[in-house]
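*Asks:* Got run.cif for you, mmCIF, C-alpha atoms:
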```cif
data_entry
#
loop_
_atom_site.label_atom_id
_atom_site.label_comp_id
_atom_site.auth_asym_id
_atom_site.auth_seq_id
_atom_site.Cartn_x
_atom_site.Cartn_y
_atom_site.Cartn_z
CA MET J 1 1.48 11.66 8.37
CA SER J 2 -0.28 11.50 4.97
CA ARG J 3 -2.77 8.76 4.13
CA ILE J 4 -0.22 7.36 1.71
CA GLY J 5 2.40 7.22 4.48
CA ILE J 6 -0.02 5.62 6.95
CA ILE J 7 -1.01 2.86 4.52
CA GLU J 8 2.57 2.28 3.36
CA GLN J 9 3.65 1.88 7.00
CA ALA J 10 0.75 -0.54 7.63
CA ILE J 11 1.85 -2.65 4.62
CA LYS J 12 5.43 -2.81 5.90
CA LEU J 13 4.32 -3.83 9.41
CA ARG J 14 1.96 -6.47 7.98
CA LEU J 15 4.77 -8.00 5.91
CA GLU J 16 7.19 -8.02 8.86
CA ASP J 17 4.76 -9.48 11.43
CA ALA J 18 4.70 -13.14 12.35
CA ILE J 19 1.21 -14.30 11.40
CA ASP J 20 -0.22 -17.67 12.44
CA ASN J 21 -0.81 -20.12 9.57
CA LEU J 22 1.22 -18.03 7.10
CA HIS J 23 4.76 -18.73 5.99
CA PRO J 24 7.26 -16.17 7.26
CA LEU J 25 8.57 -13.69 4.73
CA ALA J 26 12.05 -15.14 5.05
CA ARG J 27 14.72 -16.84 3.03
CA SER J 28 16.24 -20.20 3.96
CA ILE J 29 20.04 -19.97 3.96
CA LYS J 30 22.21 -23.09 4.16
CA LYS J 31 25.02 -22.82 6.64
CA GLN J 32 28.44 -24.48 6.18
CA ASP J 33 27.45 -27.29 8.56
CA GLY J 34 24.47 -28.17 6.30
CA SER J 35 21.80 -26.78 8.60
CA THR J 36 19.50 -23.99 7.44
CA VAL J 37 18.55 -20.72 9.03
CA GLU J 38 15.59 -18.46 8.20
CA VAL J 39 16.67 -14.90 7.38
CA PRO J 40 13.82 -12.35 7.26
CA LEU J 41 13.52 -10.29 4.10
CA ALA J 42 14.14 -6.58 4.39
CA VAL J 43 10.87 -4.66 4.02
CA GLU J 44 11.50 -1.00 3.14
CA SER J 45 10.02 1.97 1.37
CA TYR J 46 11.25 2.22 -2.20
CA PRO J 47 14.46 4.29 -2.07
CA ASP J 48 14.36 7.90 -3.30
CA LYS J 49 17.40 7.24 -5.47
CA PRO J 50 17.72 3.52 -6.14
CA THR J 51 21.19 2.46 -7.24
CA THR J 52 22.34 -0.80 -8.71
CA SER J 53 24.63 -1.39 -5.73
CA LYS J 54 21.77 -0.77 -3.24
CA LEU J 55 19.49 -3.22 -5.08
CA LYS J 56 22.28 -5.79 -5.36
CA SER J 57 22.94 -5.63 -1.61
CA LEU J 58 19.21 -6.06 -0.90
CA ALA J 59 18.97 -8.96 -3.37
CA SER J 60 21.52 -11.10 -1.52
CA SER J 61 19.10 -11.72 1.36
CA GLY J 62 15.92 -10.68 -0.47
CA ALA J 63 13.79 -7.60 0.00
CA VAL J 64 10.36 -6.14 -0.57
CA LEU J 65 10.28 -2.46 -1.51
CA VAL J 66 6.96 -0.64 -1.11
CA ARG J 67 5.89 2.39 -3.14
CA TYR J 68 2.66 4.28 -3.77
CA ALA J 69 1.64 3.98 -7.43
CA GLY J 70 -1.39 6.31 -7.66
CA SER J 71 -5.15 6.43 -7.11
CA ARG J 72 -8.42 6.28 -8.99
CA TYR J 73 -11.48 8.19 -7.83
CA ASN J 74 -15.20 7.48 -8.35
CA SER J 75 -17.82 10.20 -8.75
CA ALA J 76 -18.43 12.16 -5.57
CA LYS J 77 -21.53 11.54 -3.47
CA SER J 78 -23.04 14.47 -1.64
CA ILE J 79 -25.19 14.56 1.44
CA GLY J 80 -24.22 17.99 2.66
CA LEU J 81 -20.52 17.19 2.40
CA LYS J 82 -18.91 15.60 -0.65
CA VAL J 83 -17.58 12.07 -0.20
CA GLN J 84 -15.56 10.38 -2.92
CA ASP J 85 -14.42 6.74 -3.06
CA ARG J 86 -10.69 6.43 -3.69
CA THR J 87 -8.90 3.27 -4.77
CA MET J 88 -5.21 3.52 -3.88
CA PHE J 89 -2.56 1.39 -5.59
CA PHE J 90 0.68 0.24 -4.00
CA GLU J 91 3.46 -1.60 -5.79
CA LEU J 92 5.57 -4.10 -3.91
CA ILE J 93 8.86 -4.78 -5.65
CA ILE J 94 10.41 -8.12 -4.77
CA VAL J 95 14.20 -8.08 -5.16
CA SER J 96 16.18 -11.32 -5.00
CA ASP J 97 19.24 -12.98 -6.44
CA SER J 98 17.16 -16.14 -6.84
CA LEU J 99 14.26 -16.62 -9.22
CA ALA J 100 12.87 -19.98 -8.13
CA ALA J 101 14.69 -21.42 -5.12
CA ASP J 102 14.51 -25.07 -4.06
CA ASP J 103 12.48 -23.95 -1.05
CA ALA J 104 8.97 -23.22 -2.39
CA HIS J 105 8.74 -20.10 -0.22
CA SER J 106 12.02 -18.52 -1.30
CA GLY J 107 13.15 -16.81 -4.48
CA CYS J 108 11.03 -14.29 -6.36
CA TYR J 109 8.29 -16.82 -7.16
CA GLY J 110 7.87 -17.91 -3.54
CA PHE J 111 8.11 -14.36 -2.22
CA LEU J 112 5.34 -13.23 -4.62
CA ASP J 113 3.02 -15.89 -3.18
CA THR J 114 3.92 -15.08 0.42
CA VAL J 115 3.47 -11.31 -0.05
CA GLY J 116 0.09 -11.86 -1.74
CA GLU J 117 -1.09 -14.19 1.05
CA ARG J 118 -0.13 -11.62 3.69
CA LEU J 119 -1.83 -8.68 1.94
CA ILE J 120 -5.06 -10.05 0.47
CA GLY J 121 -7.98 -9.01 2.67
CA PHE J 122 -5.77 -7.00 5.07
CA ARG J 123 -7.55 -3.71 5.90
CA PRO J 124 -5.47 -0.88 7.32
CA GLU J 125 -7.31 1.20 9.92
CA ILE J 126 -8.08 4.17 7.63
CA CYS J 127 -9.39 2.04 4.75
CA THR J 128 -12.97 1.02 3.94
CA ASP J 129 -12.10 -2.42 2.56
CA GLY J 130 -9.24 -4.92 2.51
CA PHE J 131 -6.43 -5.19 0.00
CA GLU J 132 -6.95 -6.87 -3.36
CA ILE J 133 -4.10 -8.14 -5.50
CA VAL J 134 -4.38 -6.56 -8.96
CA ARG J 135 -1.47 -8.21 -10.80
CA ASP J 136 2.17 -9.21 -10.62
CA ASP J 137 4.78 -8.76 -13.33
CA PHE J 138 8.40 -9.42 -14.16
CA LEU J 139 10.17 -6.05 -14.03
CA GLU J 140 13.80 -6.78 -14.87
CA GLU J 141 16.92 -8.81 -14.28
CA HIS J 142 20.26 -7.07 -14.13
CA ASN J 143 23.52 -8.81 -13.18
CA GLY J 144 21.71 -11.58 -11.32
CA VAL J 145 19.31 -9.24 -9.47
CA TRP J 146 15.72 -10.27 -10.22
CA GLU J 147 12.86 -7.82 -9.73
CA TYR J 148 9.16 -8.62 -9.77
CA GLY J 149 6.37 -6.18 -9.00
CA MET J 150 3.04 -6.89 -7.34
CA MET J 151 0.29 -4.28 -7.59
CA ALA J 152 -2.23 -4.23 -4.75
CA SER J 153 -5.21 -1.93 -4.26
CA VAL J 154 -7.15 -0.78 -1.24
CA LYS J 155 -10.22 1.44 -0.89
CA THR J 156 -10.56 4.56 1.20
CA GLU J 157 -12.59 7.77 1.04
CA MET J 158 -11.88 11.41 0.45
CA VAL J 159 -14.23 13.54 2.55
CA GLN J 160 -14.77 17.25 2.16
CA PRO J 161 -13.72 19.07 5.31
CA ALA J 162 -16.64 20.36 7.36
CA LEU J 163 -17.60 23.98 6.63
CA THR J 164 -19.10 26.63 8.85
CA ILE J 165 -22.70 27.62 8.02
CA GLU J 166 -21.43 30.82 6.40
CA GLU J 167 -18.83 28.98 4.29
CA ALA J 168 -21.42 26.42 3.17
CA ALA J 169 -23.91 29.12 2.12
CA VAL J 170 -21.27 30.99 0.15
CA ALA J 171 -20.05 27.76 -1.51
CA ALA J 172 -23.61 26.84 -2.50
CA GLY J 173 -24.33 30.36 -3.79
CA ASP J 174 -27.18 30.80 -1.32
CA PRO J 175 -27.93 34.16 0.25
CA LEU J 176 -26.71 34.43 3.79
CA LEU J 177 -29.34 35.30 6.40
CA LYS J 178 -28.16 38.57 7.92
CA LYS J 179 -31.11 39.79 9.99
CA VAL J 180 -34.15 38.19 11.61
CA THR J 181 -37.25 40.35 11.82
CA PRO J 182 -39.91 39.17 14.26
CA TYR J 183 -43.29 38.48 12.69
CA ASN J 184 -46.09 40.57 14.13
CA ASP J 185 -49.71 39.46 13.62
CA ASP J 186 -51.31 42.85 14.33
#
```
Would you kindly transcribe this structure into structure tokens?
*Replies:*
Amino acid sequence: MSRIGIIEQAIKLRLEDAIDNLHPLARSIKKQDGSTVEVPLAVESYPDKPTTSKLKSLASSGAVLVRYAGSRYNSAKSIGLKVQDRTMFFELIIVSDSLAADDAHSGCYGFLDTVGERLIGFRPEICTDGFEIVRDDFLEEHNGVWEYGMMASVKTEMVQPALTIEEAAVAAGDPLLKKVTPYNDD
């Protein structure tokens, strides 16, 4: 699996997990008898071909869609092999038919807070630092389906694959030692 896939999967698992001292990523639904039930939000990869009907069906119970948004790279460091810091960005799209629900932890506003609380500081196994929240924005509203996006970043490294001695010499433009002649003092 690619680094992008590994981190995206880690985000989805983190959002779905029950975590002590954090509100569940769930929506309170009132039943006909007046009682409420917590319904977990769907947490999915952003669909390849999003349709209005797909988003509308996700909005009824609420959803978080995760997609990779790109990377930024710092200058490479070299100590034999090149190592380059990489900041990866992931967008989490919150989809709901409610903007600001009565329950402070429901609706787009509440879901933004809950998603941020679950991600900030979380460090997937292959990363060098924990997630930072970069920003959140209103994306659109269409036929009662509200969409907000949260951009989060995480740091990792790109490391040059190890080379054989011959490959390293050729890459550096150094002559390759082909024959060793013993030194004779006579």
*Asks:* When you count all atoms listed in the file, which of these residues is closest to Arg123 (chain J): J:His142, J:Arg3, J:Lys155, J:Lys30?
*Replies:*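 Of the candidates, the smallest distance to Arg123 (chain J) is held by J:Lys155.
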*Asks:* Using the chain letters and numbering of this document, enumerate as a list in words the residues selected by the PyMOL selection byres ((chain J and resi 94) around 7).
*Replies:*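 What the PyMOL selection byres ((chain J and resi 94) around 7) grabs from the file is Ala63, Val64, Leu65, Leu92, Ile93, Val95, Ser96, Cys108, Glu147, Tyr148 and Gly149 of chain J.
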*Asks:* Compile the contact shell of Thr36 (chain J) as a ChimeraX atom specification: residues with an atom at most 12 Å away, counting all atoms listed in the file, same-chain residues fewer than 4 positions apart removed.
*Replies:* /J:26-32,103
*Asks:* Which neighbours of Gly62 (chain J) fall inside 10 Å, counting all atoms listed in the file, when residues of the same chain fewer than 5 positions from it are skipped, and could you give them as a PyMOL selection string?
*Replies:* chain J and resi 25-27+39-43+55-57+94-98+106-108+111+145-146
*Asks:* Quick check on the file I pasted: which residues fall under the PyMOL selection byres ((chain J and resi 91) around 7)? Write them as a ChimeraX atom specification.
*Replies:* /J:66-69,89-90,92-93,149-152
*Asks:* Can you spit out the residues from that selection as an mmCIF file, in the coordinates of the input, using C-alpha atoms?
*Replies:*
```cif
data_model
loop_
_atom_site.group_PDB
_atom_site.id
_atom_site.type_symbol
_atom_site.label_atom_id
_atom_site.label_comp_id
_atom_site.auth_asym_id
_atom_site.auth_seq_id
_atom_site.Cartn_x
_atom_site.Cartn_y
_atom_site.Cartn_z
ATOM 1 C CA VAL J 66 6.960 -0.640 -1.110
ATOM 2 C CA ARG J 67 5.890 2.390 -3.140
ATOM 3 C CA TYR J 68 2.660 4.280 -3.770
ATOM 4 C CA ALA J 69 1.640 3.980 -7.430
ATOM 5 C CA PHE J 89 -2.560 1.390 -5.590
ATOM 6 C CA PHE J 90 0.680 0.240 -4.000
ATOM 7 C CA LEU J 92 5.570 -4.100 -3.910
ATOM 8 C CA ILE J 93 8.860 -4.780 -5.650
ATOM 9 C CA GLY J 149 6.370 -6.180 -9.000
ATOM 10 C CA MET J 150 3.040 -6.890 -7.340
ATOM 11 C CA MET J 151 0.290 -4.280 -7.590
ATOM 12 C CA ALA J 152 -2.230 -4.230 -4.750
#
```
*Asks:* Between J:Arg86, J:Ser53, J:Ile6, J:Arg14, which is the closest to Glu117 (chain J) once you count all atoms listed in the file?
*Replies:*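 Under the stated criterion, the closest residue is J:Arg14.
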*Asks:* Considering all atoms listed in the file, state which residue in the set J:Gly80, J:Ser61, J:Ile11, J:Gly144 is at the smallest distance from Thr164 (chain J).
*Replies:*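 Counting all atoms listed in the file, the residue closest to Thr164 (chain J) is J:Gly80.
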*Asks:* Mind telling me what the PyMOL selection byres ((chain J and resi 159-162) around 9) catches here, as a PyMOL selection string?
*Replies:* chain J and resi 81-85+157-158+163-164+168
*Asks:* So what do you get for CA of Glu141 (chain J) versus CA of Ala59 (chain J), distance-wise?
*Replies:* 11.1 Å
*Asks:* Please indicate the distance in Å from CA of Thr87 (chain J) to CA of Pro124 (chain J), rounded to one decimal place.
*Replies:*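 CA of Pro124 (chain J) lies 13.2 Å from CA of Thr87 (chain J).
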*Asks:* Using all atoms listed in the file, which of the listed residues (J:Asp113, J:Asp48, J:Glu8, J:Asp17) sits closest to Ile133 (chain J)?
*Replies:*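 For Ile133 (chain J), the nearest of the candidates is J:Asp113.
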*Asks:* Record the distance separating CA of Ser75 (chain J) and CA of Thr128 (chain J), expressed in Å with one decimal.
*Replies:* 16.4 Å
*Asks:* J:Cys127, J:Met88, J:Gly116, J:Lys54: which is nearest Gly70 (chain J), counting all atoms listed in the file?
*Replies:*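 Ranked by minimum distance to Gly70 (chain J), first place goes to J:Met88.
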*Asks:* Can you save region 37-168 of chain J of the given block to a file, including C-alpha atoms and formatted as a short mmCIF file (atom, residue, chain, number, x, y, z; two decimals), in the first residue's frame?
*Replies:*
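Result saved to out-v6.cif:
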```cif
data_model
loop_
_atom_site.label_atom_id
_atom_site.label_comp_id
_atom_site.auth_asym_id
_atom_site.auth_seq_id
_atom_site.Cartn_x
_atom_site.Cartn_y
_atom_site.Cartn_z
CA VAL J 37 -29.83 7.25 19.94
CA GLU J 38 -26.23 7.90 18.85
CA VAL J 39 -25.63 6.99 15.20
CA PRO J 40 -21.94 6.87 14.17
CA LEU J 41 -20.96 8.97 11.18
CA ALA J 42 -19.80 7.15 8.10
CA VAL J 43 -16.05 7.59 7.61
CA GLU J 44 -15.00 6.82 4.03
CA SER J 45 -12.46 7.65 1.38
CA TYR J 46 -13.68 10.40 -0.91
CA PRO J 47 -15.58 8.65 -3.74
CA ASP J 48 -13.93 8.41 -7.16
CA LYS J 49 -17.08 9.78 -8.78
CA PRO J 50 -19.10 11.71 -6.20
CA THR J 51 -22.73 12.17 -7.16
CA THR J 52 -25.35 14.42 -5.64
CA SER J 53 -27.44 11.40 -4.68
CA LYS J 54 -24.45 9.70 -2.96
CA LEU J 55 -23.66 12.87 -0.97
CA LYS J 56 -27.33 13.36 -0.07
CA SER J 57 -27.59 9.80 1.26
CA LEU J 58 -24.42 10.31 3.35
CA ALA J 59 -25.70 13.67 4.64
CA SER J 60 -28.81 12.17 6.24
CA SER J 61 -26.75 10.48 8.97
CA GLY J 62 -23.57 12.55 8.51
CA ALA J 63 -20.25 11.52 7.04
CA VAL J 64 -16.58 12.37 6.90
CA LEU J 65 -14.90 11.82 3.54
CA VAL J 66 -11.10 11.64 3.50
CA ARG J 67 -8.91 12.57 0.54
CA TYR J 68 -5.22 13.26 -0.05
CA ALA J 69 -4.70 16.89 -1.10
CA GLY J 70 -0.96 17.00 -1.93
CA SER J 71 2.47 17.45 -0.36
CA ARG J 72 5.18 20.03 0.14
CA TYR J 73 8.85 19.08 0.28
CA ASN J 74 11.79 20.78 2.02
CA SER J 75 15.32 20.79 0.64
CA ALA J 76 16.97 17.38 0.75
CA LYS J 77 19.59 16.57 3.38
CA SER J 78 22.38 14.23 2.42
CA ILE J 79 24.54 12.02 4.57
CA GLY J 80 25.32 9.39 2.00
CA LEU J 81 21.65 8.96 1.13
CA LYS J 82 19.29 11.84 0.40
CA VAL J 83 16.54 12.43 2.95
CA GLN J 84 13.79 14.96 2.31
CA ASP J 85 11.12 16.17 4.74
CA ARG J 86 7.62 15.86 3.30
CA THR J 87 4.52 17.56 4.67
CA MET J 88 1.42 15.71 3.49
CA PHE J 89 -2.02 17.34 3.42
CA PHE J 90 -5.32 15.52 3.85
CA GLU J 91 -8.74 17.08 3.46
CA LEU J 92 -11.62 15.81 5.54
CA ILE J 93 -14.97 16.75 4.05
CA ILE J 94 -17.80 16.84 6.55
CA VAL J 95 -21.18 16.17 4.91
CA SER J 96 -24.40 16.75 6.85
CA ASP J 97 -27.98 17.85 6.37
CA SER J 98 -27.59 19.95 9.52
CA LEU J 99 -25.39 23.00 9.91
CA ALA J 100 -25.61 23.68 13.65
CA ALA J 101 -27.67 21.08 15.49
CA ASP J 102 -29.10 21.57 18.99
CA ASP J 103 -26.59 19.01 20.23
CA ALA J 104 -23.23 20.84 20.34
CA HIS J 105 -21.46 17.79 18.92
CA SER J 106 -23.73 17.29 15.91
CA GLY J 107 -24.17 19.17 12.65
CA CYS J 108 -21.26 20.43 10.56
CA TYR J 109 -20.04 22.81 13.28
CA GLY J 110 -19.92 20.13 15.97
CA PHE J 111 -18.43 17.55 13.61
CA LEU J 112 -15.61 19.97 12.66
CA ASP J 113 -14.67 20.31 16.33
CA THR J 114 -14.85 16.58 16.98
CA VAL J 115 -12.78 15.68 13.90
CA GLY J 116 -10.14 18.27 14.85
CA GLU J 117 -9.95 17.00 18.44
CA ARG J 118 -9.46 13.42 17.22
CA LEU J 119 -6.74 14.30 14.70
CA ILE J 120 -4.60 16.97 16.35
CA GLY J 121 -1.38 15.39 17.61
CA PHE J 122 -2.26 11.92 16.26
CA ARG J 123 0.87 10.40 14.66
CA PRO J 124 0.41 7.51 12.25
CA GLU J 125 3.16 4.90 12.45
CA ILE J 126 5.04 6.00 9.30
CA CYS J 127 5.04 9.72 10.20
CA THR J 128 7.70 11.75 12.00
CA ASP J 129 5.27 14.06 13.82
CA GLY J 130 1.59 14.31 14.73
CA PHE J 131 -1.20 15.91 12.74
CA GLU J 132 -1.72 19.65 12.75
CA ILE J 133 -4.98 21.29 11.72
CA VAL J 134 -4.25 23.83 8.97
CA ARG J 135 -7.70 25.33 8.36
CA ASP J 136 -11.38 24.59 7.87
CA ASP J 137 -13.67 26.14 5.29
CA PHE J 138 -17.25 26.18 4.08
CA LEU J 139 -17.28 24.32 0.75
CA GLU J 140 -20.89 24.39 -0.41
CA GLU J 141 -24.55 23.82 0.31
CA HIS J 142 -26.71 22.16 -2.28
CA ASN J 143 -30.33 21.12 -1.68
CA GLY J 144 -29.86 21.00 2.08
CA VAL J 145 -26.54 19.10 1.95
CA TRP J 146 -23.87 21.09 3.80
CA GLU J 147 -20.18 20.47 3.12
CA TYR J 148 -17.26 21.78 5.14
CA GLY J 149 -13.62 20.90 4.58
CA MET J 150 -10.88 20.57 7.18
CA MET J 151 -7.26 20.52 5.99
CA ALA J 152 -4.81 18.65 8.21
CA SER J 153 -1.09 18.12 7.70
CA VAL J 154 1.36 15.51 8.88
CA LYS J 155 5.12 15.16 8.42
CA THR J 156 6.98 12.21 6.99
CA GLU J 157 10.24 11.67 5.10
CA MET J 158 11.22 10.61 1.62
CA VAL J 159 14.42 8.56 1.76
CA GLN J 160 16.55 7.64 -1.21
CA PRO J 161 16.66 3.88 -1.63
CA ALA J 162 19.98 2.33 -0.62
CA LEU J 163 22.43 1.85 -3.51
CA THR J 164 25.12 -0.73 -4.07
CA ILE J 165 28.71 0.57 -3.89
CA GLU J 166 28.93 0.46 -7.68
CA GLU J 167 25.64 2.35 -8.15
CA ALA J 168 26.70 4.99 -5.61
#
```
